[in-house]
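Peer 1: Here you go, model-v8.csv (CSV, C-alpha atoms):
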chain,number,residue,atom,x,y,z
V,1,MET,CA,26.6,-1.6,-13.7
V,2,SER,CA,29.1,0.1,-11.4
V,3,GLN,CA,32.6,-1.0,-10.6
V,4,LEU,CA,31.6,-1.2,-7.0
V,5,SER,CA,28.8,-3.5,-7.7
V,6,ASP,CA,31.1,-5.7,-9.7
V,7,ARG,CA,33.6,-5.8,-6.8
V,8,ILE,CA,30.8,-6.8,-4.4
V,9,LYS,CA,29.6,-9.5,-6.8
V,10,ASP,CA,33.2,-10.8,-7.1
V,11,VAL,CA,33.6,-11.1,-3.3
V,12,ILE,CA,30.3,-12.9,-3.0
V,13,ALA,CA,31.2,-15.3,-5.8
V,14,GLN,CA,34.8,-15.9,-5.0
V,15,GLU,CA,35.0,-16.0,-1.2
V,16,PRO,CA,33.9,-19.2,0.5
V,17,VAL,CA,32.3,-17.3,3.3
V,18,ALA,CA,31.6,-13.6,2.9
V,19,LEU,CA,30.3,-11.4,5.8
V,20,PHE,CA,29.2,-7.9,5.0
V,21,MET,CA,29.2,-6.1,8.3
V,22,LYS,CA,29.4,-2.8,10.1
V,23,GLY,CA,33.1,-2.5,11.1
V,24,THR,CA,35.7,-5.2,10.9
V,25,PRO,CA,36.2,-8.4,13.0
V,26,GLN,CA,38.8,-6.5,15.0
V,27,PHE,CA,36.5,-3.6,15.6
V,28,VAL,CA,32.8,-4.5,15.3
V,29,MET,CA,30.5,-1.5,15.1
V,30,CYS,CA,27.1,-3.2,15.6
V,31,GLY,CA,25.5,-5.8,17.8
V,32,ASN,CA,24.0,-7.7,14.9
V,33,SER,CA,27.3,-7.8,13.0
V,34,ASP,CA,28.9,-9.1,16.1
V,35,ARG,CA,26.3,-11.9,16.5
V,36,ALA,CA,26.8,-13.0,12.9
V,37,LEU,CA,30.5,-13.0,13.2
V,38,ARG,CA,30.4,-15.1,16.4
V,39,ALA,CA,28.0,-17.6,14.8
V,40,LEU,CA,30.4,-18.0,11.9
V,41,ARG,CA,33.5,-18.2,14.2
V,42,ASP,CA,31.8,-20.8,16.4
V,43,ALA,CA,31.2,-23.0,13.3
V,44,GLY,CA,34.8,-22.5,12.3
V,45,ALA,CA,34.0,-20.8,9.1
V,46,PRO,CA,36.7,-19.1,7.1
V,47,VAL,CA,35.3,-15.6,7.2
V,48,THR,CA,36.1,-12.9,4.7
V,49,ALA,CA,34.7,-9.7,6.1
V,50,VAL,CA,33.7,-6.5,4.2
V,51,ASP,CA,33.1,-3.3,6.2
V,52,ILE,CA,30.1,-1.5,4.6
V,53,LEU,CA,30.6,1.6,6.7
V,54,PRO,CA,33.2,3.5,4.7
V,55,ASP,CA,30.7,4.4,1.9
V,56,PRO,CA,26.9,4.2,2.0
V,57,ALA,CA,27.1,3.1,-1.7
V,58,ILE,CA,28.4,-0.3,-0.5
V,59,ARG,CA,25.2,-1.1,1.4
V,60,GLN,CA,23.0,0.3,-1.4
V,61,GLU,CA,24.7,-1.8,-4.1
V,62,LEU,CA,24.9,-4.9,-1.8
V,63,SER,CA,21.1,-4.8,-1.0
V,64,ALA,CA,20.4,-4.3,-4.7
V,65,ILE,CA,22.3,-7.4,-5.5
V,66,SER,CA,21.0,-9.6,-2.7
V,67,GLY,CA,17.5,-8.3,-2.2
V,68,TRP,CA,18.2,-8.3,1.5
V,69,PRO,CA,17.6,-4.9,3.3
V,70,THR,CA,19.6,-5.2,6.5
V,71,ILE,CA,23.2,-5.6,7.6
V,72,PRO,CA,24.9,-8.0,8.3
V,73,GLN,CA,24.6,-10.4,5.3
V,74,VAL,CA,26.2,-13.8,5.2
V,75,PHE,CA,27.0,-15.6,2.0
V,76,VAL,CA,28.4,-19.1,1.7
V,77,ALA,CA,29.7,-20.2,-1.7
V,78,GLY,CA,28.0,-17.3,-3.4
V,79,GLU,CA,24.6,-17.9,-1.8
V,80,LEU,CA,22.8,-15.6,0.7
V,81,ILE,CA,22.4,-17.5,4.0
V,82,GLY,CA,20.8,-14.6,5.8
V,83,GLY,CA,21.4,-12.0,8.5
V,84,ALA,CA,22.4,-12.2,12.1
V,85,ASP,CA,19.3,-13.9,13.4
V,86,ILE,CA,19.5,-16.7,10.8
V,87,ALA,CA,23.2,-17.1,11.2
V,88,GLN,CA,22.7,-17.4,15.0
V,89,GLU,CA,19.8,-19.8,14.7
V,90,LEU,CA,21.6,-22.0,12.3
V,91,ALA,CA,24.7,-22.0,14.4
V,92,GLU,CA,22.7,-23.0,17.5
V,93,SER,CA,20.9,-25.8,15.8
V,94,GLY,CA,24.1,-27.1,14.2
V,95,GLU,CA,22.7,-26.6,10.7
V,96,LEU,CA,25.4,-24.0,9.9
V,97,THR,CA,28.1,-26.6,10.1
V,98,THR,CA,26.1,-28.8,7.8
V,99,ILE,CA,25.6,-26.0,5.3
V,100,LEU,CA,29.4,-25.2,5.4
V,101,GLU,CA,30.3,-28.8,4.9
V,102,GLU,CA,27.9,-29.3,2.0
V,103,LYS,CA,28.9,-26.1,0.2
V,104,LEU,CA,32.6,-25.9,1.0
V,105,GLY,CA,33.6,-29.5,1.8
V,106,ALA,CA,34.3,-31.3,5.0
V,107,GLY,CA,37.7,-29.6,5.4
V,108,TYR,CA,36.3,-26.1,5.4
V,109,ARG,CA,37.8,-25.3,8.8
V,110,ASP,CA,41.3,-25.7,7.3
V,111,ALA,CA,40.6,-23.0,4.6
V,112,ALA,CA,42.0,-19.5,4.7
V,113,ALA,CA,42.1,-17.6,8.0
V,114,GLU,CA,39.8,-14.7,8.8
V,115,ARG,CA,40.5,-11.7,6.6
V,116,VAL,CA,39.1,-8.4,5.5
V,117,VAL,CA,38.7,-7.2,2.0
V,118,ASP,CA,38.1,-3.6,0.8
V,119,VAL,CA,35.5,-3.4,-2.0
V,120,LEU,CA,36.4,0.3,-2.6
V,121,ALA,CA,39.9,-0.6,-3.6
V,122,PRO,CA,40.5,-1.9,-7.1
V,123,ALA,CA,40.7,-5.6,-7.5
V,124,HIS,CA,44.2,-7.0,-7.9
M,1,MET,CA,5.0,5.1,18.4
M,2,ALA,CA,7.2,3.3,15.9
M,3,ALA,CA,6.5,-0.1,17.6
M,4,GLU,CA,2.8,0.3,16.9
M,5,ARG,CA,3.4,1.3,13.3
M,6,LEU,CA,5.5,-1.9,12.9
M,7,GLU,CA,2.9,-4.0,14.5
M,8,THR,CA,0.2,-2.6,12.2
M,9,LEU,CA,2.3,-3.3,9.2
M,10,LEU,CA,3.0,-6.9,10.3
M,11,ARG,CA,-0.7,-7.5,11.2
M,12,SER,CA,-1.8,-6.5,7.8
M,13,ALA,CA,0.9,-8.7,6.2
M,14,PHE,CA,0.2,-11.7,8.5
M,15,PRO,CA,-3.5,-11.5,9.3
M,16,GLU,CA,-3.4,-15.2,10.1
M,17,ALA,CA,-0.5,-15.0,12.6
M,18,ALA,CA,-1.0,-17.2,15.7
M,19,GLU,CA,1.6,-15.0,17.5
M,20,LEU,CA,2.8,-11.5,16.6
M,21,SER,CA,4.8,-9.1,18.7
M,22,VAL,CA,7.0,-6.1,18.4
M,23,GLU,CA,9.3,-5.3,21.2
M,24,ASP,CA,11.2,-2.0,21.5
M,25,ARG,CA,14.5,-3.5,22.8
M,26,THR,CA,16.1,-0.3,24.1
M,27,GLY,CA,13.1,2.0,24.6
M,28,GLY,CA,14.6,4.3,22.0
M,29,GLY,CA,12.1,3.5,19.3
M,30,ASP,CA,14.5,2.2,16.8
M,31,HIS,CA,15.9,-1.2,18.0
M,32,PHE,CA,13.2,-3.9,17.6
M,33,GLN,CA,12.6,-7.5,18.2
M,34,VAL,CA,9.8,-8.9,16.1
M,35,THR,CA,8.3,-12.3,16.5
M,36,VAL,CA,5.9,-13.9,14.1
M,37,ALA,CA,4.3,-17.3,14.2
M,38,SER,CA,2.4,-18.1,11.1
M,39,SER,CA,1.0,-21.0,9.1
M,40,ARG,CA,2.4,-19.2,6.0
M,41,PHE,CA,5.9,-20.2,7.1
M,42,ALA,CA,5.2,-23.9,6.7
M,43,GLY,CA,7.8,-25.5,4.6
M,44,LEU,CA,9.7,-22.3,3.9
M,45,PRO,CA,13.4,-22.0,4.6
M,46,LEU,CA,14.3,-19.5,7.3
M,47,LEU,CA,15.7,-17.2,4.7
M,48,GLU,CA,12.3,-16.9,3.0
M,49,GLN,CA,10.5,-16.6,6.3
M,50,HIS,CA,12.6,-13.6,7.2
M,51,ARG,CA,12.3,-12.2,3.7
M,52,LEU,CA,8.5,-12.0,4.2
M,53,VAL,CA,9.0,-10.1,7.4
M,54,ASN,CA,11.5,-7.8,5.8
M,55,GLU,CA,9.0,-7.1,3.0
M,56,ALA,CA,6.3,-6.3,5.4
M,57,LEU,CA,8.6,-3.8,7.1
M,58,ALA,CA,10.2,-2.5,3.8
M,59,GLU,CA,9.1,1.1,4.4
M,60,PRO,CA,10.3,1.6,8.0
M,61,LEU,CA,13.5,-0.2,7.0
M,62,ARG,CA,14.0,2.2,4.1
M,63,ASP,CA,13.1,5.4,5.9
M,64,GLY,CA,15.4,4.8,8.8
M,65,THR,CA,12.7,4.2,11.5
M,66,ILE,CA,14.3,0.8,12.1
M,67,HIS,CA,17.9,1.1,13.1
M,68,GLU,CA,18.3,-2.5,14.2
M,69,LEU,CA,15.9,-5.3,13.6
M,70,ARG,CA,15.9,-8.8,15.1
M,71,ILE,CA,13.5,-11.3,13.7
M,72,LYS,CA,12.2,-14.6,15.1
M,73,THR,CA,9.8,-16.6,13.0
M,74,ARG,CA,8.1,-19.8,13.7
M,75,GLU,CA,5.7,-22.1,11.9
M,76,ALA,CA,2.2,-22.2,13.4
M,77,GLN,CA,-0.5,-24.7,12.8
M,78,GLY,CA,-2.9,-23.5,10.1
Spit out the file's structure as C-alpha coordinates when you get a sec.

Peer 2:
Amino acid sequence: MSQLSDRIKDVIAQEPVALFMKGTPQFVMCGNSDRALRALRDAGAPVTAVDILPDPAIRQELSAISGWPTIPQVFVAGELIGGADIAQELAESGELTTILEEKLGAGYRDAAAERVVDVLAPAH
Amino acid sequence: MAAERLETLLRSAFPEAAELSVEDRTGGGDHFQVTVASSRFAGLPLLEQHRLVNEALAEPLRDGTIHELRIKTREAQG
(Lines of atoms letter the chains of each structure in order from A and count residues from 1; the text may use other names and numbers.)
(Lines give C-alpha, C1' and ligand atoms only; values in the text may rest on other atoms or scores of the structure.)
Protein backbone atom coordinates (compact mmCIF):
# COMPACT_ATOMS: atom_id res chain seq x y z
CA MET A 1 0.00 0.00 0.00
CA SER A 2 1.64 3.19 -1.16
CA GLN A 3 1.36 6.65 0.29
CA LEU A 4 -0.07 7.86 -3.00
CA SER A 5 -2.77 5.21 -2.95
CA ASP A 6 -3.71 6.25 0.59
CA ARG A 7 -3.89 9.91 -0.46
CA ILE A 8 -6.20 9.04 -3.35
CA LYS A 9 -8.40 6.94 -1.08
CA ASP A 10 -8.55 9.83 1.40
CA VAL A 11 -9.70 12.25 -1.30
CA ILE A 12 -12.36 9.81 -2.50
CA ALA A 13 -13.58 9.17 1.04
CA GLN A 14 -13.46 12.73 2.35
CA GLU A 15 -14.45 14.98 -0.54
CA PRO A 16 -18.21 15.28 -1.22
CA VAL A 17 -17.56 15.30 -4.97
CA ALA A 18 -14.17 14.21 -6.30
CA LEU A 19 -13.31 14.59 -9.98
CA PHE A 20 -10.11 12.92 -11.19
CA MET A 21 -9.33 14.65 -14.45
CA LYS A 22 -6.69 15.57 -17.00
CA GLY A 23 -5.72 19.12 -16.14
CA THR A 24 -7.51 21.40 -13.70
CA PRO A 25 -10.89 23.15 -13.89
CA GLN A 26 -8.98 26.30 -14.87
CA PHE A 27 -6.99 24.50 -17.56
CA VAL A 28 -8.75 21.37 -18.78
CA MET A 29 -6.53 19.13 -20.90
CA CYS A 30 -9.07 16.68 -22.31
CA GLY A 31 -12.52 16.78 -23.86
CA ASN A 32 -13.93 14.04 -21.64
CA SER A 33 -12.67 15.72 -18.48
CA ASP A 34 -14.30 18.92 -19.71
CA ARG A 35 -17.65 17.16 -20.25
CA ALA A 36 -17.58 15.65 -16.77
CA LEU A 37 -16.69 19.00 -15.19
CA ARG A 38 -19.49 20.78 -17.07
CA ALA A 39 -22.02 18.15 -16.02
CA LEU A 40 -21.02 18.57 -12.37
CA ARG A 41 -21.02 22.36 -12.59
CA ASP A 42 -24.45 22.35 -14.26
CA ALA A 43 -25.77 20.34 -11.32
CA GLY A 44 -24.17 22.81 -8.90
CA ALA A 45 -21.88 20.16 -7.42
CA PRO A 46 -19.06 21.24 -5.09
CA VAL A 47 -16.22 19.84 -7.18
CA THR A 48 -12.87 18.89 -5.72
CA ALA A 49 -10.61 18.25 -8.70
CA VAL A 50 -7.47 16.13 -8.87
CA ASP A 51 -5.18 16.48 -11.87
CA ILE A 52 -3.88 13.03 -12.79
CA LEU A 53 -1.35 14.27 -15.37
CA PRO A 54 1.62 15.23 -13.13
CA ASP A 55 2.51 11.57 -12.49
CA PRO A 56 1.34 8.43 -14.37
CA ALA A 57 1.29 6.65 -11.00
CA ILE A 58 -1.80 8.66 -10.01
CA ARG A 59 -3.85 7.13 -12.79
CA GLN A 60 -2.47 3.63 -12.13
CA GLU A 61 -3.26 3.78 -8.42
CA LEU A 62 -6.67 5.36 -9.04
CA SER A 63 -7.74 2.68 -11.53
CA ALA A 64 -6.48 -0.04 -9.18
CA ILE A 65 -8.69 1.41 -6.44
CA SER A 66 -11.79 2.08 -8.54
CA GLY A 67 -11.62 -0.74 -11.08
CA TRP A 68 -12.40 1.89 -13.73
CA PRO A 69 -9.93 2.12 -16.62
CA THR A 70 -10.49 5.59 -18.05
CA ILE A 71 -10.24 9.23 -17.00
CA PRO A 72 -12.18 11.22 -15.85
CA GLN A 73 -13.69 9.50 -12.84
CA VAL A 74 -16.42 11.07 -10.71
CA PHE A 75 -17.00 10.07 -7.09
CA VAL A 76 -19.84 11.30 -4.88
CA ALA A 77 -19.61 10.63 -1.15
CA GLY A 78 -16.94 8.01 -1.72
CA GLU A 79 -18.79 6.12 -4.44
CA LEU A 80 -17.83 5.88 -8.10
CA ILE A 81 -20.53 7.45 -10.26
CA GLY A 82 -18.76 6.91 -13.58
CA GLY A 83 -16.87 8.70 -16.29
CA ALA A 84 -17.73 11.56 -18.62
CA ASP A 85 -20.54 9.83 -20.51
CA ILE A 86 -22.34 8.72 -17.36
CA ALA A 87 -21.92 12.13 -15.71
CA GLN A 88 -23.29 13.82 -18.81
CA GLU A 89 -26.22 11.40 -19.20
CA LEU A 90 -27.14 11.71 -15.53
CA ALA A 91 -26.92 15.51 -15.72
CA GLU A 92 -29.13 15.64 -18.80
CA SER A 93 -31.75 13.36 -17.27
CA GLY A 94 -31.70 15.27 -13.98
CA GLU A 95 -30.65 12.15 -12.06
CA LEU A 96 -27.33 13.71 -11.09
CA THR A 97 -29.14 16.28 -8.97
CA THR A 98 -31.10 13.49 -7.29
CA ILE A 99 -27.92 11.52 -6.56
CA LEU A 100 -26.21 14.62 -5.13
CA GLU A 101 -29.20 15.41 -2.93
CA GLU A 102 -29.48 11.82 -1.70
CA LYS A 103 -25.81 11.47 -0.88
CA LEU A 104 -24.89 14.98 0.22
CA GLY A 105 -28.17 16.46 1.39
CA ALA A 106 -30.51 18.97 -0.22
CA GLY A 107 -28.17 21.89 0.56
CA TYR A 108 -25.22 20.47 -1.36
CA ARG A 109 -25.01 23.53 -3.60
CA ASP A 110 -24.05 25.63 -0.57
CA ALA A 111 -21.06 23.41 0.22
CA ALA A 112 -17.46 24.33 -0.46
CA ALA A 113 -16.54 26.04 -3.71
CA GLU A 114 -14.66 24.36 -6.52
CA ARG A 115 -11.10 23.53 -5.57
CA VAL A 116 -8.09 21.50 -6.60
CA VAL A 117 -6.12 19.11 -4.39
CA ASP A 118 -2.68 17.68 -5.11
CA VAL A 119 -2.43 13.98 -4.21
CA LEU A 120 1.35 14.08 -4.64
CA ALA A 121 1.73 16.56 -1.79
CA PRO A 122 1.67 15.21 1.76
CA ALA A 123 -1.67 15.46 3.53
CA HIS A 124 -1.98 18.25 6.04
CA MET B 1 -7.91 -0.79 -38.41
CA ALA B 2 -8.38 -0.12 -34.73
CA ALA B 3 -12.13 0.45 -35.12
CA GLU B 4 -12.55 -3.03 -36.61
CA ARG B 5 -10.57 -4.58 -33.79
CA LEU B 6 -12.81 -2.84 -31.25
CA GLU B 7 -15.94 -3.96 -33.05
CA THR B 8 -14.69 -7.58 -33.14
CA LEU B 9 -14.04 -7.49 -29.38
CA LEU B 10 -17.45 -5.99 -28.69
CA ARG B 11 -19.26 -8.48 -30.94
CA SER B 12 -17.68 -11.40 -29.12
CA ALA B 13 -18.56 -9.85 -25.73
CA PHE B 14 -22.11 -8.92 -26.81
CA PRO B 15 -23.18 -11.56 -29.38
CA GLU B 16 -26.81 -10.78 -28.53
CA ALA B 17 -26.50 -7.04 -29.23
CA ALA B 18 -29.44 -5.50 -31.09
CA GLU B 19 -27.25 -2.60 -32.07
CA LEU B 20 -23.48 -2.29 -32.00
CA SER B 21 -21.29 0.31 -33.62
CA VAL B 22 -17.82 1.77 -33.35
CA GLU B 23 -17.18 5.20 -34.76
CA ASP B 24 -13.72 6.66 -35.23
CA ARG B 25 -14.59 10.18 -34.12
CA THR B 26 -11.56 11.98 -35.48
CA GLY B 27 -10.38 9.64 -38.23
CA GLY B 28 -7.13 9.27 -36.30
CA GLY B 29 -7.85 5.74 -35.11
CA ASP B 30 -7.71 6.49 -31.39
CA HIS B 31 -10.84 8.49 -30.44
CA PHE B 32 -13.88 6.26 -30.48
CA GLN B 33 -17.60 6.42 -29.89
CA VAL B 34 -19.03 2.99 -29.18
CA THR B 35 -22.74 2.28 -29.00
CA VAL B 36 -24.17 -0.98 -27.69
CA ALA B 37 -27.83 -1.91 -27.25
CA SER B 38 -28.19 -5.22 -25.48
CA SER B 39 -30.72 -7.22 -23.49
CA ARG B 40 -27.89 -7.89 -21.02
CA PHE B 41 -28.15 -4.30 -19.81
CA ALA B 42 -31.69 -4.81 -18.55
CA GLY B 43 -31.96 -3.72 -14.95
CA LEU B 44 -28.28 -2.78 -14.71
CA PRO B 45 -27.22 0.68 -13.53
CA LEU B 46 -25.41 2.80 -16.12
CA LEU B 47 -22.15 2.27 -14.21
CA GLU B 48 -22.38 -1.50 -14.62
CA GLN B 49 -23.43 -1.22 -18.27
CA HIS B 50 -20.35 0.87 -19.01
CA ARG B 51 -18.21 -1.47 -16.92
CA LEU B 52 -19.17 -4.38 -19.22
CA VAL B 53 -18.13 -2.36 -22.27
CA ASN B 54 -14.86 -1.33 -20.60
CA GLU B 55 -14.16 -4.97 -19.77
CA ALA B 56 -14.74 -6.01 -23.37
CA LEU B 57 -12.25 -3.34 -24.45
CA ALA B 58 -9.77 -3.91 -21.61
CA GLU B 59 -6.89 -4.80 -23.92
CA PRO B 60 -7.09 -1.82 -26.32
CA LEU B 61 -7.65 0.44 -23.30
CA ARG B 62 -4.53 -0.94 -21.64
CA ASP B 63 -2.23 -0.98 -24.66
CA GLY B 64 -2.96 2.62 -25.64
CA THR B 65 -4.95 1.87 -28.82
CA ILE B 66 -7.83 3.85 -27.33
CA HIS B 67 -6.85 7.36 -26.44
CA GLU B 68 -10.40 8.54 -25.82
CA LEU B 69 -13.51 6.43 -25.47
CA ARG B 70 -17.12 7.54 -25.45
CA ILE B 71 -19.73 4.97 -24.53
CA LYS B 72 -23.45 4.92 -25.15
CA THR B 73 -25.36 1.93 -23.86
CA ARG B 74 -29.03 1.11 -24.10
CA GLU B 75 -31.28 -1.70 -23.01
CA ALA B 76 -32.63 -3.74 -25.88
CA GLN B 77 -35.56 -6.13 -25.86
CA GLY B 78 -34.36 -9.69 -25.28

Peer 1: Please find the residues of chain V near chain M - the criterion being any atom within 8 Å, counting all atoms listed in the file - and write them as a ChimeraX atom specification.

Peer 2: /V:32,68-70,81-82,84-86

Peer 1: What residues have an atom no more than 10 Å from (22.1, -4.0, -6.4) in the file's own frame, counting all atoms listed in the file, and can you write them as a ChimeraX atom specification?

Peer 2: /V:1-2,4-6,8-9,57-68

Peer 1: Within 12 Å of (9.7, -15.1, 21.6), all atoms listed in the file: residues as a ChimeraX atom specification?

Peer 2: /M:19-23,33-37,70-74

Peer 1: Between CA of Phe27 (chain V) and CA of Ala13 (chain V), what is the spacing in Å?

Peer 2: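 Those two atoms sit 25.0 Å apart.
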
Peer 1: To one decimal place in Å, what is the distance between CA of Arg109 (chain V) and CA of Leu90 (chain V)?

Peer 2: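 One can read the CA of Arg109 (chain V) to CA of Leu90 (chain V) distance as 16.9 Å.
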